[in-house]
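In what follows, a structure is listed as structure tokens, so that the remarks can point back to it.
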Protein chains: 2
Amino acid sequence: MSEMRLGLYVVTYADPARGFGHMDVAAAAIEGGADAIQLRGKELGGRELHGLALRMGDAIGRSPAGGLFFVNDRIDVAMAAKADGVHLGQEDVPAQAARSLMSAGMILGISATTVEEALAAREDGADYLGVGPVFATPSKDDAAPPIGLEGLKRIREAVELPIVAIGGIDADNARRVLNAGADGIAVISAVTGAEDMTGAVRELRLLVDDCLAGR
Amino acid sequence: MSEMRLGLYVVTYADPARGFGHMDVAAAAIEGGADAIQLRGKELGGRELHGLALRMGDAIGRSPAGGLFFVNDRIDVAMAAKADGVHLGQEDVPAQAARSLMSAGMILGISATTVEEALAAREDGADYLGVGPVFATPSKDDAAPPIGLEGLKRIREAVELPIVAIGGIDADNARRVLNAGADGIAVISAVTGAEDMTGAVRELRLLVDDCLAGR
């Protein structure tokens with residue numbers, strides 16, 4: 001495991017109608033200097049996801065800045081693609097089962113909406129938490145109600161694991177999220193909704209660096 | 001790996017509207033004496049599939065007859081549930097990648113519709129082939145056009161791997177399928193479409209035994 005920098009964490013999303021796929025988002029994230037990229041391809045079958053994970057992992061590995069590569073949901077695809085880690089939601093394979101399959105060096109991220117879920121994830125061997133949705137988000141139609149900065153703070157006080165906040169985070173509210181105790185921000189729409197995706201990542205990069213410089 | 005008997009191979013299917021789930025089909029398969037059961041839960045998320053795989057594997061393991069337990073598609077779930085093997089279609093994670101993740105004792109089944117796919121699957125480390133669809137089938141809406149007994153025979157002549165024929169197989173045509181060279185039959189609708197699922201499995205059991213006795 002390389003040093004786990006999760007300050008700016010980009011989650012991929014594909015919208016063929018708007019002319020971009022997962023690799024376009026990943027390319028912008030790499031170019032813009034994201035610390036971590038998560039391939040989240042719920043709509044894809046195993047064959048396609050596996051091929052995409054290989055290409056994405058390769059692109060990240062070849063970039064000078066490096067960065068961590070995560071695969072959402074499919075532990076098998078993450079392992080086959082030699083990703084740095086897996087990110088699992090509460091509807092995915094339980095954390096404990098995932099941990100037992102993964103090599104010790106692989107990073108396990110678990111989504112948590114409540115303090116209870118956060119404590120359980122820590123108990124089950126999570127290396128970091130994806131905490132949210134902090135704000136309402138257009139990117140996940142099955143998302144839980146927003147927990148707000150208060151919900152984020154409650155989880156921050158309860159666990160010492162690195163926290164990547166997610167859900168409706170953009171350049172306007174990122175500072176408040178980081179000041180509430182998150183170690184990083186995960187973004188989808190803030191990048192994919194921008195005309196210039198790379199520019200959006202760069203802007204967030206500067207903001208996150210500025211915000212975390214004091215820690 | 002226990003001796004690989006695949007003569008009667010039941011694939012699970014859930015139809016809540018008709019009042020049965022995957023475990024009901026598995027229970028009938030166990031009770032009726034199937035050689036192998038494949039949990040095929042494409043509609044399920046990882047959490048649900050994992051829980052179901054644990055319960056199903058446990059039920060099969062506790063049955064006096066034993067029988068092999070396969071999980072469709074998700075190699076990670078199969079491994080976490082300590083299934084005997086994984087069955088992968090052509091749209092799932094490639095066989096070679098799957099093989100590299102699985103312990104040597106785990107069985108890898110690969111779906112093949114053509115001789116080319118069958119040869120590639122053998123090359124990539126498949127332990128058996130699921131060959132079909134032999135006949136038209138109501139159970140898979142995304143199935144390829146039927147290959148018929150002729151298609152099955154062509155694959156039989158091309159590879160020596162065990163072949164489990166699939167697709168529209170029932171008590172009326174099973175004998176012809178086995179006589180065409182299949183080592184086993186995989187059934188879905190022939191079981192789930194029956195009033196008495198256990199009875200349907202028993203009938204197929206007798207038929208398969210009778211047909212394979214001469215080999």
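Note on naming: chains are A, B, ... as they come in the structure tokens, residues start from 1 per chain, ligands start from 1 in the order shown.
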Please identify every residue of chain B that has at least one atom no more than 10 Å from any atom of chain A, counting only C-alpha atoms, and report them as a ChimeraX atom specification. /B:44-51,73-81,88-102
Restricting it to N, CA and C atoms, dump the selection as a tab-separated table (two decimals), in the first residue's frame.
```tsv
chain	number	residue	atom	x	y	z
B	44	LEU	N	-29.57	-9.92	-7.91
B	44	LEU	CA	-29.24	-9.62	-6.52
B	44	LEU	C	-27.97	-8.80	-6.36
B	45	GLY	N	-27.95	-7.91	-5.38
B	45	GLY	CA	-26.74	-7.20	-5.01
B	45	GLY	C	-25.80	-8.14	-4.27
B	46	GLY	N	-24.57	-7.69	-4.08
B	46	GLY	CA	-23.54	-8.53	-3.47
B	46	GLY	C	-23.88	-8.99	-2.06
B	47	ARG	N	-24.50	-8.10	-1.28
B	47	ARG	CA	-24.81	-8.44	0.11
B	47	ARG	C	-25.80	-9.59	0.17
B	48	GLU	N	-26.85	-9.47	-0.64
B	48	GLU	CA	-27.91	-10.48	-0.65
B	48	GLU	C	-27.39	-11.80	-1.23
B	49	LEU	N	-26.63	-11.68	-2.33
B	49	LEU	CA	-26.10	-12.88	-2.98
B	49	LEU	C	-25.16	-13.63	-2.04
B	50	HIS	N	-24.34	-12.88	-1.32
B	50	HIS	CA	-23.40	-13.49	-0.38
B	50	HIS	C	-24.13	-14.24	0.73
B	51	GLY	N	-25.15	-13.62	1.29
B	51	GLY	CA	-25.92	-14.28	2.34
B	51	GLY	C	-26.60	-15.55	1.83
B	73	ASP	N	-21.18	-16.14	-11.98
B	73	ASP	CA	-20.70	-14.77	-12.22
B	73	ASP	C	-19.71	-14.23	-11.19
B	74	ARG	N	-20.10	-14.22	-9.90
B	74	ARG	CA	-19.30	-13.55	-8.88
B	74	ARG	C	-18.28	-14.49	-8.26
B	75	ILE	N	-17.04	-14.36	-8.71
B	75	ILE	CA	-15.95	-15.19	-8.20
B	75	ILE	C	-15.72	-14.88	-6.72
B	76	ASP	N	-15.83	-13.58	-6.38
B	76	ASP	CA	-15.61	-13.19	-4.99
B	76	ASP	C	-16.63	-13.83	-4.06
B	77	VAL	N	-17.88	-13.84	-4.46
B	77	VAL	CA	-18.93	-14.44	-3.62
B	77	VAL	C	-18.72	-15.95	-3.52
B	78	ALA	N	-18.36	-16.58	-4.64
B	78	ALA	CA	-18.10	-18.02	-4.63
B	78	ALA	C	-16.98	-18.36	-3.64
B	79	MET	N	-15.92	-17.57	-3.67
B	79	MET	CA	-14.79	-17.83	-2.79
B	79	MET	C	-15.16	-17.57	-1.33
B	80	ALA	N	-15.87	-16.47	-1.09
B	80	ALA	CA	-16.25	-16.14	0.29
B	80	ALA	C	-17.18	-17.20	0.87
B	81	ALA	N	-18.01	-17.80	0.01
B	81	ALA	CA	-18.96	-18.82	0.48
B	81	ALA	C	-18.36	-20.22	0.41
B	88	LEU	N	-19.10	-19.14	-15.24
B	88	LEU	CA	-19.00	-17.84	-15.91
B	88	LEU	C	-19.50	-17.90	-17.33
B	89	GLY	N	-20.29	-16.91	-17.69
B	89	GLY	CA	-20.71	-16.76	-19.08
B	89	GLY	C	-19.70	-15.94	-19.86
B	90	GLN	N	-19.97	-15.78	-21.14
B	90	GLN	CA	-19.05	-15.05	-22.00
B	90	GLN	C	-19.05	-13.54	-21.69
B	91	GLU	N	-20.05	-13.07	-20.95
B	91	GLU	CA	-20.09	-11.64	-20.59
B	91	GLU	C	-19.51	-11.39	-19.20
B	92	ASP	N	-19.09	-12.48	-18.55
B	92	ASP	CA	-18.54	-12.34	-17.20
B	92	ASP	C	-17.03	-12.14	-17.26
B	93	VAL	N	-16.42	-12.02	-16.11
B	93	VAL	CA	-14.96	-11.88	-16.02
B	93	VAL	C	-14.32	-13.01	-16.85
B	94	PRO	N	-13.30	-12.70	-17.66
B	94	PRO	CA	-12.69	-13.73	-18.50
B	94	PRO	C	-12.17	-14.92	-17.68
B	95	ALA	N	-12.25	-16.10	-18.28
B	95	ALA	CA	-11.89	-17.34	-17.60
B	95	ALA	C	-10.48	-17.30	-17.03
B	96	GLN	N	-9.56	-16.78	-17.82
B	96	GLN	CA	-8.16	-16.77	-17.39
B	96	GLN	C	-7.97	-15.93	-16.13
B	97	ALA	N	-8.64	-14.79	-16.09
B	97	ALA	CA	-8.57	-13.92	-14.90
B	97	ALA	C	-9.19	-14.62	-13.71
B	98	ALA	N	-10.31	-15.30	-13.94
B	98	ALA	CA	-10.99	-16.02	-12.87
B	98	ALA	C	-10.09	-17.12	-12.33
B	99	ARG	N	-9.51	-17.87	-13.24
B	99	ARG	CA	-8.63	-18.99	-12.86
B	99	ARG	C	-7.49	-18.50	-11.96
B	100	SER	N	-6.96	-17.33	-12.30
B	100	SER	CA	-5.82	-16.80	-11.54
B	100	SER	C	-6.21	-16.40	-10.12
B	101	LEU	N	-7.47	-16.12	-9.89
B	101	LEU	CA	-7.93	-15.74	-8.55
B	101	LEU	C	-8.29	-16.94	-7.70
B	102	MET	N	-8.79	-17.99	-8.36
B	102	MET	CA	-9.35	-19.13	-7.64
B	102	MET	C	-8.27	-20.08	-7.14
```
What are the closest atom pairs, with distances in Å to one decimal, for all residues of segment 67-134 of chain A lying within 10 Å of segment 180-189 of chain A? Consider only C-alpha atoms, order rows by chain and residue number, and present the result as a tab-separated table.
```
residue	atom	partner	partner_atom	distance
A:Tyr128	CA	A:Asp183	CA	9.7
A:Leu129	CA	A:Ala182	CA	9.9
A:Gly130	CA	A:Ala186	CA	8.0
A:Val131	CA	A:Ala182	CA	8.6
A:Gly132	CA	A:Ala186	CA	9.7
```
Here is a test: counting only C-alpha atoms, which residue of B:Arg176, B:Asp84, B:Ala143, B:Val115 is nearest to Glu157 of chain B?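 Closest residue, counting only C-alpha atoms: B:Val115.
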Please give the complete set of residues from segment 41-195 of chain B that DSSP, run on the backbone, assigns to alpha helix (DSSP H), formatted as a ChimeraX atom specification. /B:46-62,75-80,95-101,115-123,148-158,174-179,189-192
Excluding Asp172 of chain B and its own-chain neighbours fewer than 2 positions away, which residues fall within 12 Å of it when counting only C-alpha atoms? Please give them as a ChimeraX atom specification. /B:168-170,174-178,190,200,203-204,207-208
As a ChimeraX atom specification, which residues of segment 45-186 of chain B does DSSP assign to strand (DSSP E)? /B:68-72,85-88,107-112,128-131,163-166,184-186
Output file for the residues above (N, CA, C and O atoms, as an mmCIF file, in the first residue's frame):
```cif
data_model
loop_
_atom_site.group_PDB
_atom_site.id
_atom_site.type_symbol
_atom_site.label_atom_id
_atom_site.label_comp_id
_atom_site.auth_asym_id
_atom_site.auth_seq_id
_atom_site.Cartn_x
_atom_site.Cartn_y
_atom_site.Cartn_z
ATOM 1 N N LEU B 68 -22.334 -30.755 -5.723
ATOM 2 C CA LEU B 68 -21.424 -29.627 -5.916
ATOM 3 C C LEU B 68 -22.205 -28.322 -5.898
ATOM 4 O O LEU B 68 -23.335 -28.258 -6.384
ATOM 5 N N PHE B 69 -21.564 -27.292 -5.385
ATOM 6 C CA PHE B 69 -22.209 -25.984 -5.308
ATOM 7 C C PHE B 69 -21.421 -24.963 -6.131
ATOM 8 O O PHE B 69 -20.223 -24.763 -5.904
ATOM 9 N N PHE B 70 -22.117 -24.359 -7.083
ATOM 10 C CA PHE B 70 -21.498 -23.339 -7.926
ATOM 11 C C PHE B 70 -22.191 -21.998 -7.741
ATOM 12 O O PHE B 70 -23.397 -21.950 -7.510
ATOM 13 N N VAL B 71 -21.413 -20.948 -7.884
ATOM 14 C CA VAL B 71 -21.989 -19.600 -7.912
ATOM 15 C C VAL B 71 -21.744 -19.025 -9.294
ATOM 16 O O VAL B 71 -20.642 -19.153 -9.840
ATOM 17 N N ASN B 72 -22.783 -18.438 -9.859
ATOM 18 C CA ASN B 72 -22.683 -17.828 -11.177
ATOM 19 C C ASN B 72 -22.058 -16.437 -11.074
ATOM 20 O O ASN B 72 -22.399 -15.666 -10.172
ATOM 21 N N GLY B 85 -17.227 -24.223 -6.851
ATOM 22 C CA GLY B 85 -16.764 -23.629 -8.092
ATOM 23 C C GLY B 85 -17.566 -22.419 -8.505
ATOM 24 O O GLY B 85 -18.479 -21.967 -7.811
ATOM 25 N N VAL B 86 -17.182 -21.908 -9.669
ATOM 26 C CA VAL B 86 -17.790 -20.714 -10.256
ATOM 27 C C VAL B 86 -18.229 -21.066 -11.666
ATOM 28 O O VAL B 86 -17.532 -21.813 -12.365
ATOM 29 N N HIS B 87 -19.371 -20.535 -12.067
ATOM 30 C CA HIS B 87 -19.743 -20.662 -13.471
ATOM 31 C C HIS B 87 -19.798 -19.283 -14.102
ATOM 32 O O HIS B 87 -20.458 -18.376 -13.595
ATOM 33 N N LEU B 88 -19.099 -19.141 -15.237
ATOM 34 C CA LEU B 88 -18.999 -17.843 -15.905
ATOM 35 C C LEU B 88 -19.496 -17.903 -17.332
ATOM 36 O O LEU B 88 -19.154 -18.821 -18.086
ATOM 37 N N ILE B 107 -13.554 -25.402 -8.947
ATOM 38 C CA ILE B 107 -13.961 -25.796 -10.292
ATOM 39 C C ILE B 107 -14.405 -24.575 -11.081
ATOM 40 O O ILE B 107 -15.170 -23.762 -10.584
ATOM 41 N N LEU B 108 -13.923 -24.489 -12.303
ATOM 42 C CA LEU B 108 -14.306 -23.371 -13.176
ATOM 43 C C LEU B 108 -15.135 -23.884 -14.350
ATOM 44 O O LEU B 108 -14.658 -24.673 -15.167
ATOM 45 N N GLY B 109 -16.371 -23.447 -14.420
ATOM 46 C CA GLY B 109 -17.242 -23.786 -15.548
ATOM 47 C C GLY B 109 -17.424 -22.568 -16.427
ATOM 48 O O GLY B 109 -17.577 -21.456 -15.922
ATOM 49 N N ILE B 110 -17.391 -22.788 -17.730
ATOM 50 C CA ILE B 110 -17.511 -21.680 -18.681
ATOM 51 C C ILE B 110 -18.600 -22.001 -19.706
ATOM 52 O O ILE B 110 -18.650 -23.108 -20.237
ATOM 53 N N SER B 111 -19.435 -21.013 -19.974
ATOM 54 C CA SER B 111 -20.470 -21.185 -20.994
ATOM 55 C C SER B 111 -19.855 -21.080 -22.377
ATOM 56 O O SER B 111 -19.033 -20.199 -22.632
ATOM 57 N N ALA B 112 -20.269 -21.981 -23.265
ATOM 58 C CA ALA B 112 -19.788 -21.929 -24.648
ATOM 59 C C ALA B 112 -20.944 -22.212 -25.592
ATOM 60 O O ALA B 112 -21.726 -23.139 -25.370
ATOM 61 N N TYR B 128 -15.082 -27.553 -16.862
ATOM 62 C CA TYR B 128 -16.211 -28.114 -17.603
ATOM 63 C C TYR B 128 -16.819 -26.997 -18.432
ATOM 64 O O TYR B 128 -16.533 -25.811 -18.197
ATOM 65 N N LEU B 129 -17.649 -27.379 -19.381
ATOM 66 C CA LEU B 129 -18.325 -26.393 -20.222
ATOM 67 C C LEU B 129 -19.832 -26.461 -20.023
ATOM 68 O O LEU B 129 -20.393 -27.554 -19.917
ATOM 69 N N GLY B 130 -20.451 -25.316 -19.990
ATOM 70 C CA GLY B 130 -21.915 -25.241 -20.075
ATOM 71 C C GLY B 130 -22.228 -24.943 -21.531
ATOM 72 O O GLY B 130 -21.943 -23.844 -21.997
ATOM 73 N N VAL B 131 -22.783 -25.910 -22.246
ATOM 74 C CA VAL B 131 -22.952 -25.747 -23.697
ATOM 75 C C VAL B 131 -24.426 -25.539 -24.067
ATOM 76 O O VAL B 131 -25.286 -26.346 -23.714
ATOM 77 N N ILE B 163 -19.088 -31.839 -20.496
ATOM 78 C CA ILE B 163 -20.066 -30.898 -21.046
ATOM 79 C C ILE B 163 -21.400 -31.028 -20.331
ATOM 80 O O ILE B 163 -21.960 -32.125 -20.249
ATOM 81 N N VAL B 164 -21.882 -29.918 -19.813
ATOM 82 C CA VAL B 164 -23.231 -29.856 -19.277
ATOM 83 C C VAL B 164 -24.054 -29.057 -20.289
ATOM 84 O O VAL B 164 -23.780 -27.890 -20.536
ATOM 85 N N ALA B 165 -25.015 -29.716 -20.887
ATOM 86 C CA ALA B 165 -25.850 -29.036 -21.883
ATOM 87 C C ALA B 165 -26.915 -28.215 -21.170
ATOM 88 O O ALA B 165 -27.418 -28.607 -20.120
ATOM 89 N N ILE B 166 -27.241 -27.065 -21.757
ATOM 90 C CA ILE B 166 -28.231 -26.181 -21.132
ATOM 91 C C ILE B 166 -29.115 -25.541 -22.193
ATOM 92 O O ILE B 166 -28.722 -25.410 -23.356
ATOM 93 N N GLY B 184 -23.931 -34.175 -18.906
ATOM 94 C CA GLY B 184 -24.954 -33.800 -17.949
ATOM 95 C C GLY B 184 -25.910 -32.814 -18.565
ATOM 96 O O GLY B 184 -25.665 -32.287 -19.651
ATOM 97 N N ILE B 185 -27.008 -32.594 -17.857
ATOM 98 C CA ILE B 185 -27.983 -31.592 -18.303
ATOM 99 C C ILE B 185 -28.174 -30.553 -17.199
ATOM 100 O O ILE B 185 -28.244 -30.884 -16.022
ATOM 101 N N ALA B 186 -28.215 -29.304 -17.632
ATOM 102 C CA ALA B 186 -28.541 -28.222 -16.700
ATOM 103 C C ALA B 186 -29.979 -27.825 -16.944
ATOM 104 O O ALA B 186 -30.394 -27.651 -18.093
#
```
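Picture a line from atom CA of Val201 of chain A to atom CA of Gly214 of chain A; it runs 20.9 Å.
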Counting only C-alpha atoms, the option among B:Arg5, B:Arg154, B:Lys82, B:Lys42 closest to His22 of chain B: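 Among B:Arg5, B:Arg154, B:Lys82, B:Lys42, it is B:Lys42 that comes nearest to His22 of chain B.
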Straight-line distance linking atom CA of Met56 of chain A with atom CA of Thr192 of chain A, stated in Å to one decimal: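 Atom CA of Thr192 of chain A lies 16.8 Å from atom CA of Met56 of chain A.
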Residue contacts of Arg62 of chain A (12 Å, only C-alpha atoms) excluding same-chain residues fewer than 5 positions away, as a ChimeraX atom specification: /A:27,30-31,55-57,67-68
